[in-house]
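Student: target.cif is the file, holding mmCIF, C-alpha atoms and all ligand atoms:
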data_structure
loop_
_atom_site.label_atom_id
_atom_site.label_comp_id
_atom_site.auth_asym_id
_atom_site.auth_seq_id
_atom_site.Cartn_x
_atom_site.Cartn_y
_atom_site.Cartn_z
CA MET A 128 -67.53 61.32 2.17
CA GLN A 129 -65.88 59.02 4.70
CA PHE A 130 -62.68 57.05 4.09
CA ASP A 131 -59.97 55.33 6.06
CA ILE A 132 -57.18 56.92 4.03
CA VAL A 133 -57.10 59.89 1.65
CA VAL A 134 -54.13 59.74 -0.74
CA VAL A 135 -53.24 63.02 -2.46
CA GLY A 136 -51.55 62.48 -5.84
CA ALA A 137 -51.98 59.53 -8.21
CA GLY A 138 -48.46 59.56 -9.58
CA PRO A 139 -46.43 56.35 -9.50
CA ALA A 140 -45.86 56.58 -5.71
CA GLY A 141 -49.50 57.36 -4.78
CA LEU A 142 -50.76 54.62 -7.10
CA ALA A 143 -48.22 52.10 -5.77
CA PHE A 144 -49.20 52.93 -2.20
CA ALA A 145 -52.91 52.46 -2.98
CA ALA A 146 -52.15 49.19 -4.82
CA SER A 147 -50.13 47.97 -1.80
CA LEU A 148 -53.33 48.03 0.26
CA ALA A 149 -55.25 45.73 -2.12
CA GLY A 150 -57.33 43.24 -0.18
CA SER A 151 -56.98 45.16 3.11
CA GLY A 152 -60.66 46.11 3.15
CA LEU A 153 -59.71 49.72 3.92
CA ARG A 154 -61.55 52.50 2.07
CA LEU A 155 -59.18 54.75 0.15
CA ALA A 156 -59.82 58.01 -1.70
CA LEU A 157 -57.21 58.87 -4.31
CA VAL A 158 -57.26 62.58 -5.18
CA GLU A 159 -55.51 63.60 -8.39
CA LYS A 160 -55.16 66.92 -10.15
CA GLN A 161 -55.08 65.44 -13.65
CA PRO A 162 -58.28 64.20 -15.32
CA GLU A 163 -58.85 60.43 -15.36
CA PRO A 164 -58.10 59.92 -19.11
CA ALA A 165 -54.58 61.30 -18.48
CA LEU A 166 -54.10 58.66 -15.78
CA ALA A 167 -55.54 55.83 -17.86
CA ASP A 168 -53.34 56.62 -20.83
CA PRO A 169 -50.48 58.85 -19.67
CA ALA A 170 -48.42 60.58 -22.34
CA PHE A 171 -44.70 59.82 -22.80
CA ASP A 172 -42.80 62.16 -20.47
CA GLY A 173 -39.21 61.42 -21.49
CA ARG A 174 -38.30 59.62 -18.25
CA GLU A 175 -36.79 56.18 -18.72
CA ILE A 176 -36.85 54.70 -15.22
CA ALA A 177 -33.98 52.43 -14.25
CA LEU A 178 -35.67 49.88 -12.00
CA THR A 179 -33.74 47.81 -9.47
CA HIS A 180 -34.40 44.10 -8.87
CA LEU A 181 -36.26 45.02 -5.68
CA SER A 182 -38.56 47.38 -7.60
CA MET A 183 -39.29 44.67 -10.16
CA THR A 184 -40.18 42.30 -7.32
CA LEU A 185 -42.48 44.88 -5.72
CA LEU A 186 -44.19 45.74 -9.03
CA ARG A 187 -44.70 42.01 -9.71
CA ARG A 188 -46.29 41.65 -6.28
CA LEU A 189 -48.64 44.55 -6.99
CA GLY A 190 -49.72 42.94 -10.28
CA ALA A 191 -48.33 45.88 -12.27
CA TRP A 192 -45.26 44.25 -13.81
CA GLU A 193 -47.09 41.91 -16.19
CA ARG A 194 -49.08 44.87 -17.52
CA ILE A 195 -45.93 46.49 -18.92
CA PRO A 196 -45.40 45.30 -22.53
CA GLU A 197 -42.21 43.20 -22.76
CA ALA A 198 -41.09 45.10 -25.84
CA ASP A 199 -40.87 48.25 -23.69
CA ILE A 200 -38.59 46.72 -21.05
CA ALA A 201 -34.89 47.15 -21.85
CA PRO A 202 -32.11 45.33 -19.94
CA LEU A 203 -29.32 47.38 -18.41
CA ARG A 204 -26.24 45.15 -18.82
CA GLU A 205 -23.50 47.53 -17.77
CA ALA A 206 -23.02 51.09 -16.57
CA GLN A 207 -20.00 53.29 -17.17
CA VAL A 208 -18.95 56.68 -15.91
CA LEU A 209 -16.80 59.01 -18.02
CA ASN A 210 -15.23 62.27 -16.94
CA GLY A 211 -14.22 65.41 -18.83
CA VAL A 212 -12.25 64.82 -22.02
CA SER A 213 -10.73 61.50 -20.87
CA SER A 214 -11.70 58.20 -22.49
CA PHE A 215 -11.13 56.34 -19.19
CA ALA A 216 -14.34 54.68 -17.95
CA LEU A 217 -15.28 53.46 -14.48
CA ARG A 218 -17.34 50.36 -15.23
CA PHE A 219 -20.01 48.52 -13.28
CA ASP A 220 -21.52 45.20 -14.28
CA ALA A 221 -23.26 42.33 -12.51
CA GLU A 222 -19.99 40.29 -12.68
CA GLY A 223 -21.67 36.96 -13.29
CA LYS A 224 -23.57 37.11 -9.98
CA GLY A 225 -26.42 35.21 -11.61
CA ASP A 226 -28.95 37.97 -11.02
CA GLY A 227 -29.18 38.87 -14.70
CA PRO A 228 -28.70 42.49 -15.79
CA LEU A 229 -27.99 45.39 -13.42
CA GLY A 230 -31.60 46.41 -13.80
CA VAL A 231 -34.08 47.32 -16.50
CA LEU A 232 -35.26 50.53 -18.11
CA VAL A 233 -39.00 51.12 -18.37
CA PRO A 234 -40.65 54.36 -19.56
CA ASN A 235 -42.27 56.22 -16.69
CA HIS A 236 -45.64 56.62 -18.43
CA LEU A 237 -45.96 52.82 -18.77
CA ILE A 238 -45.22 52.34 -15.06
CA ARG A 239 -47.95 54.89 -14.34
CA ARG A 240 -50.38 53.21 -16.74
CA SER A 241 -49.81 49.74 -15.31
CA LEU A 242 -50.26 50.94 -11.72
CA TYR A 243 -53.40 52.84 -12.69
CA GLU A 244 -54.83 49.67 -14.26
CA VAL A 245 -54.21 47.79 -11.00
CA VAL A 246 -55.73 50.51 -8.83
CA GLN A 247 -58.83 51.18 -10.92
CA GLY A 248 -59.82 47.54 -10.47
CA LEU A 249 -59.61 47.68 -6.66
CA PRO A 250 -62.91 47.83 -4.75
CA GLU A 251 -61.11 49.68 -1.93
CA VAL A 252 -60.21 52.72 -4.03
CA THR A 253 -62.39 55.69 -5.04
CA LEU A 254 -60.58 57.84 -7.58
CA LEU A 255 -61.37 61.55 -7.44
CA ALA A 256 -59.57 62.86 -10.52
CA GLY A 257 -59.43 66.33 -12.02
CA THR A 258 -59.49 68.11 -8.68
CA THR A 259 -57.02 69.40 -6.10
CA VAL A 260 -56.83 69.86 -2.38
CA ALA A 261 -57.93 73.21 -0.95
CA ALA A 262 -57.38 72.43 2.76
CA VAL A 263 -56.08 69.65 5.01
CA GLN A 264 -56.52 69.29 8.74
CA THR A 265 -55.46 66.49 11.02
CA SER A 266 -55.80 66.07 14.76
CA ALA A 267 -55.73 63.25 17.30
CA SER A 268 -59.40 62.54 16.57
CA GLY A 269 -59.42 62.50 12.76
CA ALA A 270 -58.48 64.13 9.47
CA THR A 271 -60.39 66.17 6.90
CA VAL A 272 -59.47 67.09 3.35
CA GLU A 273 -61.40 69.74 1.48
CA LEU A 274 -61.26 69.63 -2.29
CA ALA A 275 -61.20 72.63 -4.63
CA ASP A 276 -64.86 71.99 -5.59
CA GLY A 277 -65.91 72.18 -1.93
CA THR A 278 -66.27 68.41 -1.38
CA LYS A 279 -65.26 67.43 2.17
CA LEU A 280 -63.55 64.10 2.82
CA SER A 281 -63.05 62.75 6.30
CA ALA A 282 -60.49 60.06 7.04
CA GLN A 283 -58.32 58.41 9.65
CA LEU A 284 -55.11 59.16 7.76
CA VAL A 285 -53.91 61.44 4.95
CA VAL A 286 -51.01 60.34 2.75
CA ALA A 287 -49.42 62.95 0.45
CA ALA A 288 -47.75 61.86 -2.79
CA ASP A 289 -48.15 65.14 -4.64
CA THR A 290 -44.66 65.73 -6.13
CA ARG A 291 -41.45 67.02 -4.62
CA PHE A 292 -43.05 70.49 -4.42
CA SER A 293 -45.89 69.00 -2.36
CA GLU A 294 -48.57 71.55 -1.52
CA THR A 295 -50.01 69.19 1.08
CA ARG A 296 -46.64 68.93 2.86
CA ARG A 297 -46.52 72.71 2.99
CA ARG A 298 -50.11 72.97 4.26
CA MET A 299 -49.19 70.54 7.03
CA GLY A 300 -46.29 72.80 8.02
CA ILE A 301 -43.58 70.22 7.35
CA PRO A 302 -40.38 71.95 6.25
CA ALA A 303 -38.17 70.46 3.56
CA THR A 304 -34.53 70.98 2.68
CA MET A 305 -34.11 71.88 -0.97
CA GLN A 306 -31.01 71.74 -3.11
CA ASP A 307 -31.47 73.73 -6.30
CA PHE A 308 -28.75 72.61 -8.70
CA GLY A 309 -29.43 75.63 -10.91
CA LYS A 310 -29.58 73.38 -13.96
CA SER A 311 -32.18 71.80 -16.24
CA MET A 312 -32.37 68.28 -17.57
CA LEU A 313 -33.55 67.48 -21.08
CA VAL A 314 -34.83 63.95 -21.69
CA CYS A 315 -35.83 62.46 -25.03
CA ARG A 316 -35.31 59.40 -27.23
CA VAL A 317 -32.72 59.30 -29.97
CA ALA A 318 -31.99 56.71 -32.65
CA HIS A 319 -28.29 56.31 -33.43
CA GLU A 320 -26.05 54.70 -36.04
CA ARG A 321 -23.94 52.50 -33.77
CA PRO A 322 -25.18 49.99 -31.12
CA HIS A 323 -25.09 50.83 -27.41
CA HIS A 324 -24.53 47.17 -26.33
CA GLY A 325 -26.90 47.63 -23.39
CA ILE A 326 -24.42 49.97 -21.67
CA ALA A 327 -25.69 53.01 -19.78
CA THR A 328 -23.21 55.87 -19.90
CA GLU A 329 -22.99 58.81 -17.52
CA TRP A 330 -20.57 61.30 -18.98
CA PHE A 331 -19.68 64.21 -16.70
CA GLY A 332 -18.31 66.49 -19.40
CA TYR A 333 -17.13 70.04 -18.89
CA GLY A 334 -20.06 72.46 -19.10
CA GLN A 335 -22.60 69.67 -19.58
CA THR A 336 -23.55 66.20 -18.35
CA PHE A 337 -24.77 63.70 -20.91
CA ALA A 338 -26.22 60.30 -20.07
CA ILE A 339 -27.23 57.58 -22.49
CA LEU A 340 -29.80 55.00 -21.38
CA PRO A 341 -29.85 51.97 -23.69
CA LEU A 342 -33.33 51.02 -24.94
CA ASN A 343 -34.33 48.21 -27.28
CA GLY A 344 -32.85 48.48 -30.78
CA ASP A 345 -30.44 51.24 -31.73
CA VAL A 346 -32.38 53.71 -29.63
CA SER A 347 -31.43 55.37 -26.33
CA GLY A 348 -32.84 57.75 -23.80
CA ALA A 349 -30.68 60.88 -24.03
CA VAL A 350 -30.33 62.89 -20.81
CA LEU A 351 -28.63 66.25 -21.17
CA THR A 352 -27.97 68.55 -18.21
CA LEU A 353 -27.20 72.23 -18.80
CA PRO A 354 -27.65 75.61 -17.13
CA ALA A 355 -31.25 76.74 -17.82
CA ARG A 356 -30.24 79.56 -20.21
CA GLU A 357 -28.23 77.21 -22.41
CA MET A 358 -31.06 74.69 -22.32
CA ASP A 359 -33.41 77.31 -23.81
CA GLN A 360 -31.03 77.62 -26.77
CA VAL A 361 -30.95 73.82 -27.26
CA MET A 362 -34.75 73.63 -27.07
CA ALA A 363 -35.01 76.36 -29.71
CA LEU A 364 -33.28 74.05 -32.21
CA GLU A 365 -35.60 72.00 -34.40
CA GLY A 366 -35.25 69.02 -36.73
CA ALA A 367 -31.81 68.48 -38.32
CA GLU A 368 -30.31 71.32 -36.27
CA PHE A 369 -31.23 69.61 -33.01
CA ASP A 370 -30.02 66.22 -34.29
CA ALA A 371 -26.65 67.73 -35.28
CA ASP A 372 -26.31 69.50 -31.93
CA ILE A 373 -27.05 66.40 -29.87
CA THR A 374 -24.67 64.29 -32.03
CA ARG A 375 -21.91 66.86 -31.54
CA ARG A 376 -22.56 67.14 -27.82
CA TYR A 377 -22.15 63.36 -27.45
CA ARG A 378 -18.92 63.54 -29.48
CA ASN A 379 -20.31 61.25 -32.17
CA ARG A 380 -19.72 58.24 -29.86
CA LEU A 381 -22.80 56.44 -31.20
CA GLY A 382 -22.62 57.98 -34.67
CA ALA A 383 -25.29 60.35 -35.94
CA MET A 384 -28.24 60.78 -33.58
CA ARG A 385 -31.83 61.52 -34.59
CA LEU A 386 -34.66 62.64 -32.29
CA VAL A 387 -37.49 60.07 -32.27
CA SER A 388 -39.71 61.35 -29.45
CA THR A 389 -41.04 64.48 -27.84
CA ARG A 390 -38.55 66.43 -25.68
CA HIS A 391 -39.08 67.19 -22.00
CA VAL A 392 -37.19 69.51 -19.67
CA TYR A 393 -37.14 69.21 -15.86
CA PRO A 394 -35.64 71.63 -13.33
CA LEU A 395 -33.05 69.95 -11.10
CA VAL A 396 -34.08 70.40 -7.49
CA GLY A 397 -33.44 67.84 -4.76
CA VAL A 398 -35.89 67.84 -1.83
CA PHE A 399 -35.78 66.08 1.53
CA ALA A 400 -38.65 66.56 3.99
CA GLN A 401 -37.57 67.14 7.58
CA ARG A 402 -40.24 64.71 8.79
CA PHE A 403 -42.09 62.04 6.83
CA VAL A 404 -45.00 61.78 9.28
CA ALA A 405 -47.19 63.91 11.53
CA THR A 406 -50.42 63.26 13.42
CA ARG A 407 -52.58 61.15 11.06
CA PHE A 408 -50.35 62.15 8.16
CA ALA A 409 -47.54 60.64 6.07
CA LEU A 410 -45.49 61.60 3.03
CA VAL A 411 -44.52 59.10 0.33
CA GLY A 412 -42.67 59.28 -2.99
CA ASP A 413 -41.06 62.52 -4.10
CA ALA A 414 -43.11 64.43 -1.51
CA ALA A 415 -40.87 62.76 1.11
CA VAL A 416 -37.63 62.51 -0.90
CA GLY A 417 -37.17 64.12 -4.31
CA MET A 418 -33.88 62.81 -5.66
CA HIS A 419 -31.58 64.28 -8.33
CA PRO A 420 -32.03 61.76 -11.18
CA VAL A 421 -28.28 61.16 -11.66
CA THR A 422 -28.29 58.01 -9.52
CA ALA A 423 -31.72 56.86 -10.77
CA HIS A 424 -33.11 56.17 -7.31
CA GLY A 425 -36.21 58.40 -6.99
CA PHE A 426 -38.98 56.02 -7.94
CA ASN A 427 -37.11 53.01 -6.58
CA LEU A 428 -37.08 54.72 -3.18
CA GLY A 429 -40.69 55.87 -3.58
CA LEU A 430 -41.84 52.33 -4.27
CA ARG A 431 -39.88 50.97 -1.32
CA GLY A 432 -41.34 53.65 0.96
CA ALA A 433 -44.91 53.05 -0.24
CA ASP A 434 -44.47 49.34 0.45
CA SER A 435 -43.01 50.01 3.89
CA LEU A 436 -45.84 52.37 4.91
CA ALA A 437 -48.53 49.99 3.62
CA ARG A 438 -46.99 47.08 5.57
CA GLU A 439 -46.91 49.13 8.78
CA ILE A 440 -50.56 50.12 8.29
CA ARG A 441 -51.71 46.55 7.63
CA ASP A 442 -49.82 45.38 10.70
CA ALA A 443 -51.30 48.12 12.91
CA VAL A 444 -54.84 47.35 11.69
CA GLU A 445 -54.36 43.63 12.34
CA ARG A 446 -53.25 44.42 15.89
CA GLY A 447 -56.34 46.58 16.41
CA ARG A 448 -54.35 49.83 16.64
CA GLY A 449 -56.03 51.55 13.72
CA VAL A 450 -54.86 52.94 10.40
CA ALA A 451 -53.08 55.98 11.82
CA ASP A 452 -51.24 54.29 14.69
CA ARG A 453 -48.51 56.68 15.87
CA ARG A 454 -45.95 53.91 16.43
CA ALA A 455 -46.55 52.45 12.98
CA LEU A 456 -46.05 55.85 11.34
CA ALA A 457 -42.91 56.42 13.39
CA ARG A 458 -41.49 53.05 12.28
CA TYR A 459 -42.18 53.93 8.65
CA GLN A 460 -40.38 57.24 9.11
CA THR A 461 -37.34 55.61 10.72
CA ASP A 462 -37.14 52.90 8.08
CA HIS A 463 -37.54 55.25 5.14
CA MET A 464 -35.16 57.89 6.52
CA ARG A 465 -32.55 55.17 7.00
CA ALA A 466 -33.00 53.92 3.44
CA SER A 467 -33.09 57.33 1.80
CA ARG A 468 -30.97 59.88 3.65
CA PRO A 469 -27.49 58.44 2.88
CA LEU A 470 -28.49 58.02 -0.78
CA TYR A 471 -29.90 61.52 -0.98
CA LEU A 472 -26.74 63.07 0.48
CA ALA A 473 -24.39 60.93 -1.64
CA THR A 474 -26.37 61.71 -4.79
CA ASN A 475 -26.27 65.47 -4.16
CA ALA A 476 -22.55 65.32 -3.40
CA THR A 477 -21.88 63.36 -6.62
CA ALA A 478 -23.98 65.75 -8.71
CA LEU A 479 -22.19 68.81 -7.27
CA PHE A 480 -18.69 67.31 -7.42
CA TYR A 481 -18.99 66.09 -11.00
CA THR A 482 -20.40 69.36 -12.30
CA ASP A 483 -17.70 71.48 -10.68
CA ASP A 484 -15.51 72.45 -13.65
CA ARG A 485 -12.88 74.42 -11.74
CA PHE A 486 -9.34 73.17 -12.22
CA PRO A 487 -8.74 71.48 -8.81
CA ALA A 488 -12.11 69.74 -9.05
CA ARG A 489 -11.33 68.50 -12.57
CA VAL A 490 -8.17 66.83 -11.25
CA LEU A 491 -9.99 65.31 -8.27
CA ARG A 492 -12.87 64.11 -10.46
CA ALA A 493 -10.47 62.19 -12.70
CA ALA A 494 -8.55 60.78 -9.72
CA ALA A 495 -11.73 59.62 -7.96
CA LEU A 496 -12.81 57.59 -11.01
CA ARG A 497 -9.42 55.89 -11.29
CA VAL A 498 -9.29 55.09 -7.57
CA GLY A 499 -12.87 53.80 -7.72
CA SER A 500 -12.05 51.52 -10.63
CA ARG A 501 -9.25 49.86 -8.63
CA LEU A 502 -11.41 49.27 -5.55
CA ALA A 503 -13.34 46.10 -6.22
CA PRO A 504 -15.31 46.32 -2.91
CA PHE A 505 -16.38 49.86 -3.83
CA ARG A 506 -17.60 48.72 -7.24
CA ARG A 507 -19.39 45.74 -5.70
CA ALA A 508 -21.11 48.03 -3.17
CA VAL A 509 -22.25 50.36 -5.97
CA VAL A 510 -23.56 47.42 -7.99
CA GLU A 511 -25.45 46.12 -4.95
CA ARG A 512 -26.96 49.58 -4.51
CA LEU A 513 -27.76 49.89 -8.22
CA THR A 514 -29.41 46.50 -8.46
CA GLU A 515 -30.83 45.98 -4.93
CA ALA A 516 -30.53 42.30 -5.90
CA GLY A 517 -29.85 41.22 -2.29
CA ALA A 518 -32.86 43.19 -1.01
CA ALA A 519 -35.01 41.63 -3.76
CA ARG A 520 -33.98 38.12 -2.63
CA ASP A 521 -34.91 38.98 0.98
CA ALA A 522 -38.21 40.67 0.08
C1 LIG B 601 -35.64 63.14 -15.81
C2 LIG B 601 -35.94 62.20 -14.69
C3 LIG B 601 -35.44 60.90 -14.71
C4 LIG B 601 -35.71 60.02 -13.67
N1 LIG B 601 -35.17 58.77 -13.70
C5 LIG B 601 -35.39 57.93 -12.68
C6 LIG B 601 -34.83 56.61 -12.67
O1 LIG B 601 -34.12 56.21 -13.59
N2 LIG B 601 -35.10 55.78 -11.61
C7 LIG B 601 -35.89 56.18 -10.58
O2 LIG B 601 -36.10 55.40 -9.64
N3 LIG B 601 -36.44 57.42 -10.55
C8 LIG B 601 -36.21 58.29 -11.57
N4 LIG B 601 -36.77 59.54 -11.56
C9 LIG B 601 -37.62 59.92 -10.42
C10 LIG B 601 -39.08 59.50 -10.59
O3 LIG B 601 -39.59 59.93 -11.83
C11 LIG B 601 -39.87 60.10 -9.43
O4 LIG B 601 -39.27 59.71 -8.23
C12 LIG B 601 -41.32 59.63 -9.43
O5 LIG B 601 -42.01 60.07 -10.56
C13 LIG B 601 -42.04 60.18 -8.21
O6 LIG B 601 -43.36 59.76 -8.19
P1 LIG B 601 -44.42 60.52 -7.28
O7 LIG B 601 -45.68 59.78 -7.49
O8 LIG B 601 -43.89 60.71 -5.93
O9 LIG B 601 -44.50 61.99 -7.88
P2 LIG B 601 -44.94 62.52 -9.30
O10 LIG B 601 -44.49 61.61 -10.39
O11 LIG B 601 -44.47 63.92 -9.34
O12 LIG B 601 -46.54 62.46 -9.27
C14 LIG B 601 -47.28 63.28 -8.39
C15 LIG B 601 -48.75 63.28 -8.77
O13 LIG B 601 -49.46 64.13 -7.88
C16 LIG B 601 -50.35 64.95 -8.63
N5 LIG B 601 -50.57 66.18 -7.87
C17 LIG B 601 -49.71 67.20 -7.66
N6 LIG B 601 -50.25 68.13 -6.85
C18 LIG B 601 -51.49 67.69 -6.54
C19 LIG B 601 -52.54 68.21 -5.75
N7 LIG B 601 -52.44 69.36 -5.09
N8 LIG B 601 -53.70 67.51 -5.66
C20 LIG B 601 -53.84 66.33 -6.32
N9 LIG B 601 -52.86 65.79 -7.08
C21 LIG B 601 -51.71 66.45 -7.19
C22 LIG B 601 -49.64 65.15 -9.96
O14 LIG B 601 -50.54 65.51 -10.99
C23 LIG B 601 -49.01 63.79 -10.18
O15 LIG B 601 -49.87 62.90 -10.85
C24 LIG B 601 -36.50 60.44 -12.58
C25 LIG B 601 -37.02 61.75 -12.55
C26 LIG B 601 -36.74 62.61 -13.60
C27 LIG B 601 -37.28 64.02 -13.54
#
Now that the file is in, can you turn its structure into structure tokens?
Tutor:
Amino acid sequence: MQFDIVVVGAGPAGLAFAASLAGSGLRLALVEKQPEPALADPAFDGREIALTHLSMTLLRRLGAWERIPEADIAPLREAQVLNGVSSFALRFDAEGKGDGPLGVLVPNHLIRRSLYEVVQGLPEVTLLAGTTVAAVQTSASGATVELADGTKLSAQLVVAADTRFSETRRRMGIPATMQDFGKSMLVCRVAHERPHHGIATEWFGYGQTFAILPLNGDVSGAVLTLPAREMDQVMALEGAEFDADITRRYRNRLGAMRLVSTRHVYPLVGVFAQRFVATRFALVGDAAVGMHPVTAHGFNLGLRGADSLAREIRDAVERGRGVADRRALARYQTDHMRASRPLYLATNATALFYTDDRFPARVLRAAALRVGSRLAPFRRAVVERLTEAGAARDA
């Protein structure tokens, strides 16, 4: 089977990349481990994705945005950061900049579903679902991908979007730096007695981190971070016991909480690939940069990177340089490294600093929030980063 591009992984990044090449006339194979019904109707996975204005613009352009039901899009009006036992909050809002809310929250499975719907209607894309990659080879003359069932695909370019633990990246011999935070993150939906007023809260407590993501109605995404052993104990609680535990952990701030969804636990490991490209090969999404979720940038970066790579490829093809033009891939790498490395490092530093419960760190954590709250330029810069409103206007 001959293609121009083989994409490995039909997660949100792989799908967005394929959708970005709509109308290009290129032939794409999209290889995905999960069976097609799981892509067409993905199950709720607990992730409520905070989308920036730029991401909304890109999803609109791909034709995915209008496929997400309005009732499932929740505005993020304000964000606040709390530390330890203090009631002091560092607040971020859009400060009447006219760009609307800071961003919106959309469940991950609906982003996946909407992107799948776009991609499955594209004549360029052949979906090969329910299979994995057994071997990948690229050279100056071409690329081949062998699937687990023995099918051989030949292509000009291979793009891997197969999670932060990318097997394809490993097969290609691209090293990645990993930061294992030694903790697990529980995500689920809770209904609560008191309103959240559209405010997202990140509370760096002692011994745990608890975030509340405001959804429509008196419902929030609850995000609890704990050492893995403690997480096992929380997950062993059922029904009223779990509700009581989660209410107590959040200090009753929103009144009694009640679980209204399935629960999902993710290991916290940050990953940054040393290179994003090789001969006839590129990494996108988490396979390139797997972010700690605390700053809610993973998919936003993945979408931006997929768009950047697709634009470079279109440009190279138009100039007659081919799909796997070395200079085009190098430009993608430079652009995406520039956009993602500072965020990746700052996110890891924040996650480590605000989970360090030793006494000196506790003092510094509190001081940093108070200093931050007095620095208007700092808060404006964070809001710009959170919203990407400026980038959305330029896009
Ligand atoms: C709890 C949590 C909260 C988050 N919140 C946010 C947020 O608020 N904002 C934000 O921007 N980001 C957020 N993220 C990050 C975001 O979910 C990821 O960045 C995004 O899902 C990455 O998409 P991806 O397509 O690169 O990878 P994935 O979603 O991991 O998808 C990879 C796909 O590849 C397939 N696959 C794997 N191996 C193979 C193989 N060998 N062959 C074929 N297919 C394969 C998988 O089945 C899967 O479909 C959050 C993440 C977590 C865990």
Student: Please check which protein, DNA or RNA residues sit within 7 Å of ligand LIG 601 (chain B), counting only C-alpha atoms and all ligand atoms, and write them as a ChimeraX atom specification.
Tutor: /A:135-141,158-161,173-178,235,258-260,288-291,293-295,312,314,393,411-414,417-418,420,423-429
Student: Could the residues in this selection be written to a file with C-alpha atoms, as a short mmCIF file (atom, residue, chain, number, x, y, z; two decimals), in the frame of the given file?
Tutor:
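Once written, result_29.cif looks like this:
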data_model
loop_
_atom_site.label_atom_id
_atom_site.label_comp_id
_atom_site.auth_asym_id
_atom_site.auth_seq_id
_atom_site.Cartn_x
_atom_site.Cartn_y
_atom_site.Cartn_z
CA VAL A 135 -53.24 63.02 -2.46
CA GLY A 136 -51.55 62.48 -5.84
CA ALA A 137 -51.98 59.53 -8.21
CA GLY A 138 -48.46 59.56 -9.58
CA PRO A 139 -46.43 56.35 -9.50
CA ALA A 140 -45.86 56.58 -5.71
CA GLY A 141 -49.50 57.36 -4.78
CA VAL A 158 -57.26 62.58 -5.18
CA GLU A 159 -55.51 63.60 -8.39
CA LYS A 160 -55.16 66.92 -10.15
CA GLN A 161 -55.08 65.44 -13.65
CA GLY A 173 -39.21 61.42 -21.49
CA ARG A 174 -38.30 59.62 -18.25
CA GLU A 175 -36.79 56.18 -18.72
CA ILE A 176 -36.85 54.70 -15.22
CA ALA A 177 -33.98 52.43 -14.25
CA LEU A 178 -35.67 49.88 -12.00
CA ASN A 235 -42.27 56.22 -16.69
CA THR A 258 -59.49 68.11 -8.68
CA THR A 259 -57.02 69.40 -6.10
CA VAL A 260 -56.83 69.86 -2.38
CA ALA A 288 -47.75 61.86 -2.79
CA ASP A 289 -48.15 65.14 -4.64
CA THR A 290 -44.66 65.73 -6.13
CA ARG A 291 -41.45 67.02 -4.62
CA SER A 293 -45.89 69.00 -2.36
CA GLU A 294 -48.57 71.55 -1.52
CA THR A 295 -50.01 69.19 1.08
CA MET A 312 -32.37 68.28 -17.57
CA VAL A 314 -34.83 63.95 -21.69
CA TYR A 393 -37.14 69.21 -15.86
CA VAL A 411 -44.52 59.10 0.33
CA GLY A 412 -42.67 59.28 -2.99
CA ASP A 413 -41.06 62.52 -4.10
CA ALA A 414 -43.11 64.43 -1.51
CA GLY A 417 -37.17 64.12 -4.31
CA MET A 418 -33.88 62.81 -5.66
CA PRO A 420 -32.03 61.76 -11.18
CA ALA A 423 -31.72 56.86 -10.77
CA HIS A 424 -33.11 56.17 -7.31
CA GLY A 425 -36.21 58.40 -6.99
CA PHE A 426 -38.98 56.02 -7.94
CA ASN A 427 -37.11 53.01 -6.58
CA LEU A 428 -37.08 54.72 -3.18
CA GLY A 429 -40.69 55.87 -3.58
#
Student: Distance CA of Met384 in chain A-CA of Ala371 in chain A, one decimal place?
Tutor: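 Here the two named atoms are 7.3 Å from each other.
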Student: Can you tell me which residues surround Leu242 in chain A at a distance of at most 10 Å, considering only C-alpha atoms, apart from same-chain residues fewer than 2 positions away, and format the answer as a PyMOL selection string?
Tutor: chain A and resi 137-146+166-167+186+189-192+194-195+236-240+244-247
Student: Dump as a PDB file with C-alpha atoms, in the frame of the given file all residues having an atom at most 9 Å from (-27.3, 78.6, -16.4), computed in the file's coordinates with only C-alpha atoms.
Tutor:
ATOM      1  CA  GLY A 309     -29.430  75.630 -10.910  1.00  0.00           C
ATOM      2  CA  LYS A 310     -29.580  73.380 -13.960  1.00  0.00           C
ATOM      3  CA  SER A 311     -32.180  71.800 -16.240  1.00  0.00           C
ATOM      4  CA  LEU A 353     -27.200  72.230 -18.800  1.00  0.00           C
ATOM      5  CA  PRO A 354     -27.650  75.610 -17.130  1.00  0.00           C
ATOM      6  CA  ALA A 355     -31.250  76.740 -17.820  1.00  0.00           C
ATOM      7  CA  ARG A 356     -30.240  79.560 -20.210  1.00  0.00           C
ATOM      8  CA  GLU A 357     -28.230  77.210 -22.410  1.00  0.00           C
ATOM      9  CA  MET A 358     -31.060  74.690 -22.320  1.00  0.00           C
TER      10      MET A 358
END
Student: Quick one, how far is CA of Ser281 in chain A from CA of Gln129 in chain A?
Tutor: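 According to the coordinates, CA of Ser281 in chain A and CA of Gln129 in chain A are separated by 4.9 Å.
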Student: Which one is closest to Asp307 in chain A: A:Arg321, A:Arg390, A:His419, A:Arg385? Count only C-alpha atoms.
Tutor: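 Closest to Asp307 in chain A, using only C-alpha atoms: A:His419.
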Student: In Å to one decimal, how far is CA of Asn210 in chain A from CA of Gly332 in chain A?
Tutor: 5.8 Å
Student: Would you kindly return, as JSON, numbers by chain, each protein, DNA or RNA residue with an atom no farther than 10 Å from any atom of Glu163 in chain A, considering all atoms listed in the file and excluding same-chain residues fewer than 5 positions away?
Tutor: {"A": [137, 168, 169, 243, 254, 255, 256, 257]}
Student: From the set A:Leu280, A:Ala494, A:Val444, A:Leu470, which residue has the shortest atom-to-atom contact distance to Ala262 in chain A, counting all atoms listed in the file?
Tutor: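 Of the candidates, the smallest distance to Ala262 in chain A is held by A:Leu280.
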